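Before any comments, here is the structure.
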Amino acid sequence: MKRLVTILAGFLTLGGASGSERLLHELQPIEWQSIVCGCSFNESIADATEGSYGSGPEILVLDPNGDPPNARVNLGAGNVRLQPKTPLELPLYSCQAGNVWSSSWQSGQVTLQVELVATSPGAEACWFSGTVAATAGAADPPVAIRGGCGC
């Protein structure tokens, strides 16, 4: 509980949001060799020019094929791994435009809700836009994200 209080006390604002504090921070470097067919999502900042990965910092990495599957976020005190609350529907790297994918992740008192819509399928990848929302006591507003999953 003391660690959660420390994490919550260290809120930062990402991407120049309107002065409000948020739970999600930019991820620290990820060891990608440990991830199997992973997903990377960047904050989607409304006033910025966006590419496939969004225009802001990387705030979510999913490893749905990991053993065990996990999500990674930074809550202000370094990256944290969360486990799926329910079994995942796979694969995320094979999709059709318009497919919807929802998942919930948890670690201790933190819950993450991810809502994604496939925007463009590729040969061994899928691009998504959507939202991620973190809850630790009180709920953060959803953050718009863009990114992709692939092998």
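Just remember, in the structure tokens the first chain shown is A, the second B, etc., residues are 1-based per chain, and ligands are 1-based in the order shown.
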
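The residue set within 6 Å of His25 in chain A, counting only C-alpha atoms and dropping same-chain residues fewer than 6 places from it, reads Asn74, Leu75 and Gly76 of chain A.
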
Just the selected residues (N, CA, C and O atoms), exported as a PDB file, in the first residue's frame, please.
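As a result, selection.pdb now contains:
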```
ATOM      1  N   ASN A  74       4.182   2.438 -17.157  1.00  0.00           N
ATOM      2  CA  ASN A  74       4.985   3.116 -16.152  1.00  0.00           C
ATOM      3  C   ASN A  74       4.031   3.975 -15.336  1.00  0.00           C
ATOM      4  O   ASN A  74       3.377   4.860 -15.884  1.00  0.00           O
ATOM      5  N   LEU A  75       3.959   3.710 -14.042  1.00  0.00           N
ATOM      6  CA  LEU A  75       3.065   4.444 -13.154  1.00  0.00           C
ATOM      7  C   LEU A  75       3.801   5.536 -12.386  1.00  0.00           C
ATOM      8  O   LEU A  75       3.296   6.037 -11.394  1.00  0.00           O
ATOM      9  N   GLY A  76       4.999   5.867 -12.850  1.00  0.00           N
ATOM     10  CA  GLY A  76       5.756   6.944 -12.226  1.00  0.00           C
ATOM     11  C   GLY A  76       6.958   6.489 -11.440  1.00  0.00           C
ATOM     12  O   GLY A  76       7.807   7.282 -11.079  1.00  0.00           O
TER      13      GLY A  76
END
```

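Of the residues listed (A:Ser129, A:Ser107, A:Gln28, A:Gln33), A:Ser129 shows the shortest atom-to-atom separation from Gly147 in chain A; distances use only C-alpha atoms.
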
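With distances restricted to only C-alpha atoms, A:Cys95 is the closest residue to Pro121 in chain A from A:Leu60, A:Ile30, A:Leu24, A:Cys95.
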
(request) Excluding range 68-72 of chain A and any residue of its chain fewer than 4 positions from it, enumerate the residues within 6 Å of it, using only C-alpha atoms, and give them as a PyMOL selection string. (result) chain A and resi 60-64+80-83

Create the file for the chosen residues now, containing C-alpha atoms and written as a short mmCIF file (atom, residue, chain, number, x, y, z; two decimals), in the first residue's frame.
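Heads up, here's the output in result_15.cif:
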```cif
data_model
loop_
_atom_site.label_atom_id
_atom_site.label_comp_id
_atom_site.auth_asym_id
_atom_site.auth_seq_id
_atom_site.Cartn_x
_atom_site.Cartn_y
_atom_site.Cartn_z
CA LEU A 60 1.74 0.85 -23.28
CA VAL A 61 3.42 -2.38 -24.39
CA LEU A 62 1.43 -5.61 -24.59
CA ASP A 63 3.01 -9.07 -24.67
CA PRO A 64 -0.15 -11.15 -25.26
CA VAL A 80 5.16 -2.39 -14.05
CA ARG A 81 3.90 -5.70 -15.46
CA LEU A 82 0.19 -6.41 -15.28
CA GLN A 83 -1.50 -9.77 -15.86
#
```

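Within 10 Å of Asp67 in chain A, once only C-alpha atoms are used and residues closer than 4 positions along the same chain are dropped, the contacting residues are Ser34, Ile35, Val36 and Asp63 of chain A.
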
Please produce an output containing N, CA and C atoms for each residue in the selection, written as a compact mmCIF listing (two decimals), in the first residue's frame.
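Once everything was written out, this is out_31.txt:
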```txt
# COMPACT_ATOMS: atom_id res chain seq x y z
N SER A 34 12.64 -10.05 -25.03
CA SER A 34 11.85 -10.88 -24.12
C SER A 34 10.37 -10.92 -24.50
N ILE A 35 9.98 -10.23 -25.58
CA ILE A 35 8.57 -10.14 -25.96
C ILE A 35 8.32 -10.94 -27.24
N VAL A 36 7.24 -11.73 -27.23
CA VAL A 36 6.87 -12.57 -28.37
C VAL A 36 5.71 -11.92 -29.11
N ASP A 63 2.34 -7.82 -24.30
CA ASP A 63 3.01 -9.07 -24.67
C ASP A 63 1.96 -10.18 -24.51
```

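Among the candidate residues A:Arg22, A:Gly150, A:Glu115, A:Ser102, the one lying nearest to Pro87 in chain A is A:Ser102, with distances computed using only C-alpha atoms.
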
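Residue neighbourhood of Ala97 in chain A, excluding near-sequence residues (fewer than 2 positions): Tyr93, Ser94, Cys95, Asn99, Val100, Trp101, Leu116, Val117, Ala118, Thr119, Ser120, Pro121, Gly122, Ala125, Cys126, Trp127, Phe128 and Ser129 of chain A, at 12 Å, using only C-alpha atoms.
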
(request) Select from range 19-90 of chain A everything DSSP, run on the backbone, classes as strand (DSSP E), then give the selection as a ChimeraX atom specification. (result) /A:39-43,58-63,70-74,79-84

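Distance annotation: of A:Ser103, A:Asn65, A:Gln109, A:Asn79, the residue with the minimal separation from Thr131 in chain A is A:Ser103; atom set is only C-alpha atoms.
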
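When only C-alpha atoms are used to measure the gap to Asn42 in chain A, the shortest distance among A:Val132, A:Ile145, A:Cys151, A:Leu27 belongs to A:Ile145.
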
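Proximity ranking of A:Gly66, A:Ala123, A:Leu23, A:Pro142 relative to Val110 in chain A places A:Leu23 first, based on only C-alpha atoms.
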
(request) Kindly give the distance, in Å, that separates CA of Lys85 in chain A and CA of Ser55 in chain A, rounded to a single decimal. (result) 29.0 Å

(message) With only C-alpha atoms as the counted atoms, please give the residues lying no more than 8 Å from Ser104 in chain A, apart from itself and same-chain residues fewer than 6 positions off, as a ChimeraX atom specification.
(response) /A:84-86,111-114
